[in-house]
Every structure is written in structure tokens, then in C-alpha cells.
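Here's the structure, in C-alpha cells; my notes come after.
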Amino acid sequence: MNGKKTSKRIWIGGLLLILAWMFVIGCAANPPLTGDNQEKTPGSYTVVGIGPGDGDLLTLRAAEAICRADMVFCNPKTQQKLAAYVDFSGKQVVDGYGVLFRYYGRDCKKISQEEKKPRPPMDQEKKRPRGPMRCEEFHRKQAEFAAMVRDAVSSGKHVVLLSGGDPTIYGPDMWTVKELKELNPTVIPGLSAFNAANAALKVSLGEVMLTAPFKKEGSRDTIEQLAGHERATMVIFMPRDMQALFARLSASYPAQTPAAIISNAGVVGQEKVTMGTVGGFAADTSGIDRWRSIVYVGEAVGRAAFNPGLSSQPAAQGKFYLVGVGPGDADLITLRGKKVIESADLIFAHQRLKDKFQDVLSGKEVLTGYHRLFPFYGKPCAKVRPGDQRRERMSCEEYHQKQEEFAALVRAAVAKGKTVAMLDSGDPLVYGPCSWSLTELRDIETEVVPGLSCFNAANAALKAGVTEGKSSHSVILASGWSVEEMAVHQSTMVLFTMRTQFKKFIDGLSAHYDADTPVAIVFSAGYAEKERVMQGTLGTISDQVGTGRLPFEYLLYVGDFLSDGGRVAH
């Protein structure tokens with residue numbers, strides 16, 4: 001029975017990949033339907049995450065949605081960025097409706113005079129002010145946008161709003177999903193600047209605290225409070241005033257704590273990684289583009305495999321790529337990831353990924369059996385505890401042998417000028433099992449192709465902005481060992497469950513959150529046919545789950561962002 005199910009999954013995944021690639025390639029040759037052959041019903045509205053940086057960080061699913069659209073909301077620079085990958089001819093492209101979230105759903109008359117002072121909206125491309133708008137003007141533009149979308153969808157058109165990065169993480173467009181909930185909108189996940197910056201830094205991350213330099217009285221998840229977790233990495237969006245930010249960080253972290261600033265993440269040729277310490281950056285942040293940067297702080301940063309010195313190695317040398325292929329279906333790979341796979345001479349892939357991408361891998365040299373080799377890496381076997389050894393499928397010595405085999409195969413191929421790629425699910429640097437390879441191969445040129453995390457895909461399934469909580473605007477990515485330690489902030493939390501017992505999570509959360517705190521479980525994130533959302537509260541979710549065994553692929557969310565009355569029902 002399991003074999004039949006696996007075969008069916010492989011067949012569906014392969015078919016989706018073929019269709020998606022055909023659509024991307026054929027979009028320019030097959031313009032959208034118009035005139036008499038236009039599909040009249042049903043119409044649709046979709047928020048499409050287009051990722052950060054260059055246009056090739058678009059996923060195949062996103063490219064297909066744009067190709068299928070009749071009306072596209074985006075600015076000219078976004079259209080230009082994507083023009084090499086998606087054909088816009090024959091579509092109605094509408095500009096002037098980006099970054100309209102401010103004051104959504106609020107009564108302008110009840111807004112304080114201080115808050116009501118005209119503040120400039122942000123230019124999505126330049127990330128700089130473009131001119132002030134009052135509350136009433138925001139409301140007028142919001143109403144205009146909603147009316148245009150409703151009219152188009154009612155006439156059978158497919159409408160998409162292109163949203164930079166991951167629209168659910170500090171994105172400006174999730175208000176549209178609330179406003180147009182009767183249209184049953186869809187959110188297509190996009191890479192976050194976080195995913196692209198991880199790839200640039202080449203840092204393996206576990207516990208992560210995604211935040212911004214907010215200051216809110218009574219909040220438990222300020223930068224100062226989050227800084228107390230030594231084993232977690234703080235990732236700060238929208239740093240803006242770097243001098244003020246590092247003044248706060250230097251008051252909360254030891255001066256020698258590793259830090260990094262990644263600018264223009266995902267933009268080939270412009271991406272810049274600046275390594276340093278909290279104390280060093282507090283003294284000098286000159287030359288940093290604060291508008292296009294993301295800041296990392298924590299001990300893990302000191303272990304980053306970023307090494308600019310290898311970019312000038314002889315052209316005859318090959319290169320190693322760690323390729324994030326995304327979660328779920330095959331069409332959540334990026335165009336960049338697809339291109340690397342097509343150009344690779346030698347590919348390492350788990351059998352499941354080999355099956356999922358069997359069409360593009362056809363005829364290539366693909367090696368399996370080297371996927372999950374991180375256990376005991378860099379650790380003397382004599383120091384491995386018996387309990388840790390019993391949990392693994394191989395002995396410490398066997399893991400070390402396989403790690404050495406893998407490294408030798410890669411180095412031999414690269415020395416011959418070959419392109420080598422290791423395929424990994426999701427974002428390979430967020431709880432990824434292959435990130436150890438970047439440390440091992442620091443002596444050769446390596447590159448990480450960012451991939452969607454299951455976190456990005458699950459956010460889209462929830463159709464909610466995970467950074468839009470009522471009491472918290474931070475998001476903590478945690479696992480079994482850290483759940484109770486991190487729950488003290490009562491922030492939005494996303495728990496990577498893996499093999500941890502569900503009861504352990506609920507018990508850990510219950511020590512800090514009220515029983516009526518909203519909870520959601522996203523099963524099989526990114527699989528179009530299997531994805532499912534279960535919602536409840538911390539006090540009810542255990543009964544809803546029951547005593548049956550949960551599937552391996554699920555994420556657990558907790559936070560009041562789930563209680564927003566404007567969310568789309570599932």
C-alpha cells in the first residue's frame with residue numbers, strides 16, 4: 001500500500017514539474033487568453049510572492065500564476081525585473097497600488113494626532129520615502145484597489161498582486177487578503193530576504209528570532225529581551241537607523257558577539273556580506289546601505305562559511321552548489337535552482353528528491369546515499385554519548401566515513417572543472433541536514449541557491465501575515481529543545497516539529513501562553529493536493545489532533561496573529 005502511495009506522489013510531483021516548466025518556457029510563446037477565447041468564470045485573486053533580489057528567485061509556481069493572469073498589479077521596476085522570465089504582453093498591468101497597508105481597518109477619527117501625522121509610504125523598489133499620505137488618502141486608495149479587483153474577478157479575470165519577498169513576513173500586501181476574503185484569495189509563497197541572506201552568509205541556522213527594531217511599551221519580544229537566548233540567532237529586518245540599532249544591540253550583547261550585515265540579498269553582483277561584531281558595528285557602520293540590508297547577530301554567525309577569498313580561483317576549477325529546492329511539490333523550486341540543476345555535471349540527491357525531479361535529472365550522474373550525514377560531524381567519536389548514538393541509523397565511525405567519501409567525491413569532481421550540486425529540501429540553512437557540507441568544503445568555491453522553507457509555504461497556507469500579531473511583531477522559529485525557553489516572550493512561534501512529541505510542545509507552550517491562545521497546524525505545506533490547515537486553541541488542539549500519529553511534515557503555529565477576524569476561513 002505504501003509503495004502505491006509513493007508511486008502516486010512521485011507521478012504527481014513529476015507531472016507538476018513538467019507542467020510548470022512548460023508553462024514558464026511557453027508563457028512568452030503562448031500569450032494569455034483574450035477576446036472571444038477568454039475564460040469568463042471563475043475569476044480569481046492571488047497574492048504572489050516574487051522573492052527578493054533578481055527575477056530568477058521567482059518560483060515556478062509563481063511564474064505560472066503570473067503567466068495565467070489577466071490583470072497584474074506591480075510597479076514598472078518589478079515588471080522589468082521579471083520580464084526575462086515572464087511575458088507580460090496582453091496583460092493589463094496596473095501600477096500605483098503598492099504599500100497601502102497603513103491604517104487599514106482603522107477609523108481615521110480615532111487615530112491620535114501624533115500617529116496621524118503624515119508619514120511617507122515606502123517606495124517598494126528603493127525602500128525610500130516617496131511622499132506623504134494621510135489616513136484618508138490611504139483609505140481611498142485601498143478602496144480603489146479593492147473595487148478594481150472585485151470588478152475584474154466578477155468578470156472572470158485572474159488577478160495577481162506581485163509582492164516582493166515573502167508577503168507574509170513584514171510584507172505590505174496581506175491587508176488585501178483580509179479585505180477580499182469573499183473572493184477566497186490564494187497566497188503563493190515567495191522567498192524572504194531572510195532566505196536569500198542565509199544563502200549569502202552560508203550559515204546553518206536552527207533557532208531563529210525574526211524581528212525588527214520596534215519599541216513598544218509592555219512588549220515581551222523587543223530586541224533587548226530576545227537577546228537573552230545565546231543559542232538562537234537574531235535576524236533583524238528593516239534596520240533603517242544602523243547607529244541606533246547597534247547601540248541597542250551593544251547594550252544587550254557582549255561586544256565580541258558575531259554579527260553580519262547582508263545588503264541586496266539575492267542580487268547577483270550587488271550582494272554584499274559585511275562580517276563583524278556587535279561592538280565593531282556599534283563603532284562604525286559607514287558604507288552600509290541601511291535600506292536594503294538585513295542584520296544577523298549570534299554565535300552561529302561566527303560559524304558562517306562565507307569566504308570571499310575563493311571567488312578568484314582559476315576558471316578551470318569547478319564549483320559546488322547547495323541547492324534549496326523548496327518543500328512540497330516540484331514547482332516550488334526557483335528558476336535559479338532549476339538552472340543550476342540543468343547545468344550540473346554531478347548531483348547528490350535523496351532518493352525522494354531524485355524521484356521528484358526525475359525529468360530534469362534524466363541522463364545525469366546522480367548519487368544517492370549522502371543526504372543526511374550531519375550527525376557527529378566534526379566531533380570525535382570517543383566523545384559521543386551512548387544515548388545520542390542509539391538515536392542514529394549508523395555509528396559515529398560510519399558517519400565519518402560517509403562524510404569523507406562525500407567530500408572526496410566533490411573535491412575530485414571540482415578539480416576536474418565540474419559543476420557539482422547537492423539538492424536539499426526547503427531552505428537548506430534552516431534546520432537543513434546538508435549544511436555541514438559548506439563547512440567541510442570551505443577550501444573550494446561554494447554557492448548556496450536559496451530555497452523556500454516549509455515555513456514560507458505554511459505561512460502562505462495560513463493566508464496570514466505572521467509578523468502582524470496584536471501583541472507581537474516578531475516570529476520565533478523553534479524546535480523541541482527550545483520551545484519552553486523561547487515561549488516566555490509570548491511571541492508568534494513556529495515550531496519545527498520533526499520527531500518531537502506533540503505533547504511536549506503543548507506542555508511547553510502551556511507554561512507561558514493562555515489556554516485560549518490561537519493555534520494552527522499546517523500539514524504537508526506546499527503540496528497542492530495534500531496541504532491542510534487545522535485551527536484551534538492551545539487548550540483544544542490536543543483533543544482535535546487525537547491520539548493518532550501525526551505525519552512527519554507538519555508545522556505548529558501559536559500566536560494571536562491567527563485570531564485576526566479578517567483572516568480567510570479554511
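We name chains A, B, ... following the order of the C-alpha cells; residues begin at 1 in each chain, and ligands are numbered from 1 as shown.
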| Exercise: A:Tyr513 partners within 10 Å, only C-alpha atoms, chain neighbours under 5 positions left out, as a list in words | Ala487, Val488, His489, Gln490, Ser491, Ile506, Gly508, Pro518, Leu538, Gly539, Val558 and Gly559 of chain A
| request: Could you give me, as a PyMOL selection string, the residues within 10 Å of A:Asp289, counting only C-alpha atoms and dropping anything in the same chain fewer than 6 positions from it? | output: chain A and resi 239-240+242+261-264+272
| request: Based on DSSP run over this structure's backbone, return all residues of stretch 366-465 of chain A in strand (DSSP E), as a PyMOL selection string. | output: chain A and resi 366-367+419-424+446-449
| task | Mind giving me the straight-line distance from atom CA of A:Asp95 to atom CA of A:Gln79 in Å, one decimal? | result |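 Between these atoms lies a distance of 10.0 Å.
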Sorted by chain and rising residue number, which residues of stretch 283-325 of chain A lie within 9 Å of stretch 438-461 of chain A, and what are their closest atom pairs and distances in Å to one decimal, counting only C-alpha atoms, as JSON lines?
```
{"residue": "A:Arg303", "atom": "CA", "partner": "A:Thr439", "partner_atom": "CA", "distance": 8.2}
{"residue": "A:Ala304", "atom": "CA", "partner": "A:Thr439", "partner_atom": "CA", "distance": 7.9}
{"residue": "A:Ala305", "atom": "CA", "partner": "A:Thr439", "partner_atom": "CA", "distance": 5.8}
{"residue": "A:Phe306", "atom": "CA", "partner": "A:Arg442", "partner_atom": "CA", "distance": 8.4}
{"residue": "A:Asn307", "atom": "CA", "partner": "A:Arg442", "partner_atom": "CA", "distance": 7.5}
{"residue": "A:Leu310", "atom": "CA", "partner": "A:Glu445", "partner_atom": "CA", "distance": 5.6}
{"residue": "A:Ser311", "atom": "CA", "partner": "A:Glu445", "partner_atom": "CA", "distance": 6.6}
{"residue": "A:Gln313", "atom": "CA", "partner": "A:Glu445", "partner_atom": "CA", "distance": 7.8}
{"residue": "A:Gln317", "atom": "CA", "partner": "A:Glu445", "partner_atom": "CA", "distance": 8.6}
{"residue": "A:Gly318", "atom": "CA", "partner": "A:Glu445", "partner_atom": "CA", "distance": 7.8}
{"residue": "A:Lys319", "atom": "CA", "partner": "A:Glu445", "partner_atom": "CA", "distance": 5.4}
{"residue": "A:Phe320", "atom": "CA", "partner": "A:Thr446", "partner_atom": "CA", "distance": 4.7}
{"residue": "A:Tyr321", "atom": "CA", "partner": "A:Glu447", "partner_atom": "CA", "distance": 4.9}
{"residue": "A:Leu322", "atom": "CA", "partner": "A:Val448", "partner_atom": "CA", "distance": 4.8}
{"residue": "A:Val323", "atom": "CA", "partner": "A:Val449", "partner_atom": "CA", "distance": 4.7}
{"residue": "A:Gly324", "atom": "CA", "partner": "A:Gly451", "partner_atom": "CA", "distance": 4.0}
{"residue": "A:Val325", "atom": "CA", "partner": "A:Gly451", "partner_atom": "CA", "distance": 5.4}
```
Limited to all heavy atoms, could you put the picked residues into a file as a short mmCIF file (atom, residue, chain, number, x, y, z; two decimals), in the first residue's frame?
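Done, and the output landed in part_12.cif:
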```cif
data_model
loop_
_atom_site.label_atom_id
_atom_site.label_comp_id
_atom_site.auth_asym_id
_atom_site.auth_seq_id
_atom_site.Cartn_x
_atom_site.Cartn_y
_atom_site.Cartn_z
N ARG A 303 30.20 30.99 12.74
CA ARG A 303 30.49 29.73 12.05
C ARG A 303 30.10 29.77 10.57
O ARG A 303 30.11 28.76 9.89
CB ARG A 303 29.75 28.58 12.73
CG ARG A 303 30.12 28.39 14.20
CD ARG A 303 29.54 27.11 14.78
NE ARG A 303 28.08 27.16 14.86
CZ ARG A 303 27.39 27.63 15.89
NH1 ARG A 303 28.04 28.13 16.93
NH2 ARG A 303 26.08 27.62 15.90
N ALA A 304 29.73 30.94 10.08
CA ALA A 304 29.31 31.07 8.68
C ALA A 304 30.44 30.66 7.74
O ALA A 304 31.62 30.92 8.01
CB ALA A 304 28.87 32.50 8.39
N ALA A 305 30.09 30.04 6.64
CA ALA A 305 31.09 29.58 5.68
C ALA A 305 31.36 30.62 4.60
O ALA A 305 32.00 30.33 3.60
CB ALA A 305 30.62 28.27 5.03
N PHE A 306 30.85 31.84 4.78
CA PHE A 306 31.11 32.92 3.81
C PHE A 306 32.61 33.12 3.68
O PHE A 306 33.32 33.33 4.67
CB PHE A 306 30.44 34.21 4.28
CG PHE A 306 30.82 35.41 3.46
CD1 PHE A 306 30.36 35.55 2.16
CD2 PHE A 306 31.64 36.39 4.00
CE1 PHE A 306 30.71 36.66 1.41
CE2 PHE A 306 31.99 37.51 3.25
CZ PHE A 306 31.53 37.63 1.95
N ASN A 307 33.11 33.05 2.45
CA ASN A 307 34.55 33.17 2.21
C ASN A 307 34.78 33.85 0.86
O ASN A 307 34.84 33.19 -0.17
CB ASN A 307 35.21 31.79 2.23
CG ASN A 307 36.73 31.88 2.18
OD1 ASN A 307 37.30 32.94 1.94
ND2 ASN A 307 37.39 30.75 2.39
N LEU A 310 37.66 32.99 -2.16
CA LEU A 310 37.71 31.90 -3.14
C LEU A 310 37.10 32.28 -4.49
O LEU A 310 37.16 31.51 -5.44
CB LEU A 310 36.97 30.67 -2.60
CG LEU A 310 37.67 29.94 -1.45
CD1 LEU A 310 36.77 28.87 -0.89
CD2 LEU A 310 38.98 29.33 -1.93
N SER A 311 36.53 33.46 -4.61
CA SER A 311 35.85 33.83 -5.86
C SER A 311 36.81 34.05 -7.01
O SER A 311 36.40 34.10 -8.16
CB SER A 311 35.01 35.10 -5.64
OG SER A 311 35.85 36.17 -5.22
N GLN A 313 39.41 32.03 -7.78
CA GLN A 313 40.16 30.82 -8.10
C GLN A 313 40.15 30.57 -9.61
O GLN A 313 39.30 31.11 -10.33
CB GLN A 313 39.58 29.62 -7.36
CG GLN A 313 38.23 29.14 -7.82
CD GLN A 313 37.80 27.90 -7.05
OE1 GLN A 313 38.35 27.57 -6.01
NE2 GLN A 313 36.82 27.21 -7.57
N GLN A 317 38.74 25.47 -12.43
CA GLN A 317 38.15 24.80 -11.28
C GLN A 317 36.64 24.80 -11.39
O GLN A 317 36.02 25.71 -11.94
CB GLN A 317 38.56 25.51 -9.99
CG GLN A 317 40.05 25.43 -9.69
CD GLN A 317 40.47 24.03 -9.29
OE1 GLN A 317 39.91 23.45 -8.38
NE2 GLN A 317 41.46 23.48 -9.97
N GLY A 318 36.03 23.74 -10.86
CA GLY A 318 34.58 23.67 -10.86
C GLY A 318 34.01 24.38 -9.65
O GLY A 318 34.67 25.22 -9.04
N LYS A 319 32.78 24.01 -9.31
CA LYS A 319 32.10 24.69 -8.21
C LYS A 319 31.09 23.76 -7.57
O LYS A 319 30.49 22.92 -8.25
CB LYS A 319 31.41 25.95 -8.74
CG LYS A 319 30.86 26.89 -7.68
CD LYS A 319 30.36 28.17 -8.34
CE LYS A 319 29.85 29.15 -7.34
NZ LYS A 319 29.39 30.41 -7.98
N PHE A 320 30.88 23.94 -6.26
CA PHE A 320 29.89 23.16 -5.54
C PHE A 320 28.71 24.04 -5.17
O PHE A 320 28.89 25.13 -4.62
CB PHE A 320 30.50 22.57 -4.27
CG PHE A 320 29.50 21.90 -3.36
CD1 PHE A 320 29.00 20.63 -3.68
CD2 PHE A 320 29.04 22.53 -2.20
CE1 PHE A 320 28.07 20.02 -2.84
CE2 PHE A 320 28.12 21.93 -1.36
CZ PHE A 320 27.63 20.66 -1.69
N TYR A 321 27.50 23.57 -5.48
CA TYR A 321 26.28 24.28 -5.15
C TYR A 321 25.46 23.47 -4.16
O TYR A 321 25.25 22.26 -4.34
CB TYR A 321 25.41 24.49 -6.39
CG TYR A 321 25.93 25.48 -7.39
CD1 TYR A 321 26.81 25.10 -8.39
CD2 TYR A 321 25.52 26.82 -7.36
CE1 TYR A 321 27.28 26.00 -9.34
CE2 TYR A 321 25.97 27.73 -8.30
CZ TYR A 321 26.85 27.32 -9.27
OH TYR A 321 27.30 28.22 -10.21
N LEU A 322 25.00 24.13 -3.10
CA LEU A 322 23.99 23.57 -2.23
C LEU A 322 22.67 24.21 -2.65
O LEU A 322 22.50 25.43 -2.49
CB LEU A 322 24.30 23.86 -0.76
CG LEU A 322 23.29 23.35 0.27
CD1 LEU A 322 23.10 21.84 0.16
CD2 LEU A 322 23.73 23.74 1.68
N VAL A 323 21.77 23.43 -3.20
CA VAL A 323 20.57 23.97 -3.84
C VAL A 323 19.33 23.67 -3.01
O VAL A 323 18.96 22.51 -2.81
CB VAL A 323 20.39 23.37 -5.25
CG1 VAL A 323 19.15 23.98 -5.94
CG2 VAL A 323 21.62 23.61 -6.10
N GLY A 324 18.69 24.72 -2.51
CA GLY A 324 17.41 24.55 -1.85
C GLY A 324 16.32 24.41 -2.89
O GLY A 324 16.13 25.31 -3.72
N VAL A 325 15.62 23.29 -2.87
CA VAL A 325 14.61 23.03 -3.90
C VAL A 325 13.20 23.28 -3.38
O VAL A 325 12.22 23.01 -4.07
CB VAL A 325 14.73 21.59 -4.46
CG1 VAL A 325 16.09 21.38 -5.09
CG2 VAL A 325 14.45 20.55 -3.38
#
```
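Selecting alpha helix (DSSP H) from the backbone DSSP output for stretch 326-362 of chain A yields A:Leu335, A:Arg336, A:Gly337, A:Lys338, A:Lys339, A:Val340, A:Ile341, A:Glu342, A:Ser343, A:Gln351, A:Arg352, A:Leu353, A:Lys354, A:Asp355, A:Lys356, A:Gln358, A:Asp359, A:Val360, A:Leu361.
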With N, CA, C and O atoms kept, could you save the residues just selected as a compact mmCIF listing (two decimals), in the first residue's frame?
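Generated file (again21.txt):
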```
# COMPACT_ATOMS: atom_id res chain seq x y z
N LEU A 335 13.59 29.47 -10.23
CA LEU A 335 14.17 29.39 -11.58
C LEU A 335 15.69 29.26 -11.50
O LEU A 335 16.30 28.57 -12.31
N ARG A 336 16.29 29.90 -10.52
CA ARG A 336 17.74 29.80 -10.35
C ARG A 336 18.13 28.38 -9.98
O ARG A 336 19.11 27.83 -10.50
N GLY A 337 17.37 27.78 -9.06
CA GLY A 337 17.65 26.41 -8.68
C GLY A 337 17.52 25.45 -9.85
O GLY A 337 18.35 24.55 -10.03
N LYS A 338 16.50 25.64 -10.64
CA LYS A 338 16.29 24.80 -11.81
C LYS A 338 17.46 24.90 -12.78
O LYS A 338 17.95 23.89 -13.31
N LYS A 339 17.94 26.13 -12.98
CA LYS A 339 19.04 26.34 -13.92
C LYS A 339 20.31 25.65 -13.44
O LYS A 339 21.05 25.05 -14.25
N VAL A 340 20.58 25.71 -12.15
CA VAL A 340 21.78 25.05 -11.62
C VAL A 340 21.69 23.54 -11.81
O VAL A 340 22.67 22.89 -12.19
N ILE A 341 20.52 22.97 -11.55
CA ILE A 341 20.35 21.53 -11.74
C ILE A 341 20.61 21.15 -13.20
O ILE A 341 21.28 20.16 -13.49
N GLU A 342 20.09 21.96 -14.11
CA GLU A 342 20.26 21.67 -15.53
C GLU A 342 21.73 21.72 -15.95
O GLU A 342 22.16 20.98 -16.83
N SER A 343 22.50 22.60 -15.30
CA SER A 343 23.90 22.77 -15.71
C SER A 343 24.87 21.86 -14.97
O SER A 343 26.04 21.75 -15.35
N GLN A 351 16.82 10.02 -2.44
CA GLN A 351 16.02 9.28 -3.43
C GLN A 351 14.66 9.96 -3.67
O GLN A 351 14.16 9.99 -4.79
N ARG A 352 14.10 10.52 -2.61
CA ARG A 352 12.81 11.21 -2.75
C ARG A 352 12.92 12.40 -3.70
O ARG A 352 12.04 12.62 -4.54
N LEU A 353 14.02 13.16 -3.58
CA LEU A 353 14.22 14.30 -4.47
C LEU A 353 14.58 13.84 -5.87
O LEU A 353 14.20 14.47 -6.86
N LYS A 354 15.30 12.76 -5.96
CA LYS A 354 15.62 12.20 -7.28
C LYS A 354 14.34 11.83 -8.01
O LYS A 354 14.20 12.06 -9.22
N ASP A 355 13.38 11.24 -7.29
CA ASP A 355 12.11 10.88 -7.90
C ASP A 355 11.29 12.13 -8.26
O ASP A 355 10.68 12.20 -9.32
N LYS A 356 11.30 13.12 -7.38
CA LYS A 356 10.51 14.33 -7.61
C LYS A 356 10.98 15.09 -8.85
O LYS A 356 10.19 15.63 -9.61
N GLN A 358 12.79 13.79 -11.40
CA GLN A 358 13.34 12.77 -12.28
C GLN A 358 13.47 13.22 -13.73
O GLN A 358 14.40 12.80 -14.44
N ASP A 359 12.60 14.11 -14.19
CA ASP A 359 12.66 14.52 -15.60
C ASP A 359 13.90 15.37 -15.90
O ASP A 359 14.61 15.11 -16.86
N VAL A 360 14.16 16.36 -15.07
CA VAL A 360 15.32 17.21 -15.31
C VAL A 360 16.62 16.48 -14.99
O VAL A 360 17.68 16.80 -15.51
N LEU A 361 16.55 15.46 -14.14
CA LEU A 361 17.75 14.70 -13.78
C LEU A 361 18.04 13.56 -14.74
O LEU A 361 19.09 12.91 -14.64
```
| query | Counting only C-alpha atoms, what is within 8 Å of A:Gly276, bar same-chain residues fewer than 2 positions away, as a PyMOL selection string? | reply | chain A and resi 258-260+274+278+280-281
Resulting file, chosen residues, all heavy atoms, as a short mmCIF file (atom, residue, chain, number, x, y, z; two decimals), in the first residue's frame:
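out21.cif was written with the following content:
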```
data_model
loop_
_atom_site.label_atom_id
_atom_site.label_comp_id
_atom_site.auth_asym_id
_atom_site.auth_seq_id
_atom_site.Cartn_x
_atom_site.Cartn_y
_atom_site.Cartn_z
N PRO A 258 29.43 37.73 17.42
CA PRO A 258 29.48 37.85 15.96
C PRO A 258 28.22 38.48 15.39
O PRO A 258 27.11 38.25 15.87
CB PRO A 258 29.62 36.39 15.50
CG PRO A 258 30.21 35.67 16.66
CD PRO A 258 29.62 36.33 17.87
N ALA A 259 28.41 39.29 14.36
CA ALA A 259 27.30 39.93 13.67
C ALA A 259 27.64 40.05 12.20
O ALA A 259 28.80 40.00 11.80
CB ALA A 259 27.01 41.31 14.27
N ALA A 260 26.61 40.18 11.39
CA ALA A 260 26.80 40.35 9.95
C ALA A 260 25.69 41.21 9.38
O ALA A 260 24.56 41.19 9.88
CB ALA A 260 26.84 39.00 9.24
N THR A 274 28.92 41.85 5.03
CA THR A 274 29.91 42.52 5.88
C THR A 274 29.93 41.82 7.23
O THR A 274 28.93 41.83 7.95
CB THR A 274 29.56 44.00 6.08
OG1 THR A 274 29.39 44.62 4.80
CG2 THR A 274 30.67 44.72 6.83
N VAL A 278 29.23 42.84 17.27
CA VAL A 278 28.29 43.86 17.75
C VAL A 278 29.04 45.13 18.13
O VAL A 278 28.64 46.25 17.76
CB VAL A 278 27.48 43.32 18.94
CG1 VAL A 278 26.73 44.45 19.65
CG2 VAL A 278 26.51 42.25 18.48
N GLY A 280 32.02 46.13 17.10
CA GLY A 280 32.63 46.74 15.93
C GLY A 280 31.65 47.55 15.12
O GLY A 280 31.94 48.68 14.68
N PHE A 281 30.44 46.99 14.91
CA PHE A 281 29.43 47.72 14.16
C PHE A 281 28.89 48.91 14.95
O PHE A 281 28.49 49.92 14.38
CB PHE A 281 28.29 46.80 13.76
CG PHE A 281 28.60 45.89 12.60
CD1 PHE A 281 28.48 44.51 12.72
CD2 PHE A 281 29.02 46.41 11.39
CE1 PHE A 281 28.77 43.67 11.66
CE2 PHE A 281 29.32 45.58 10.32
CZ PHE A 281 29.20 44.20 10.45
#
```
| message | Which residue is closest to A:Asp560? Choose from A:Asn198, A:Asn184, A:Ser192, A:Thr467 and count only C-alpha atoms. | response | A:Thr467
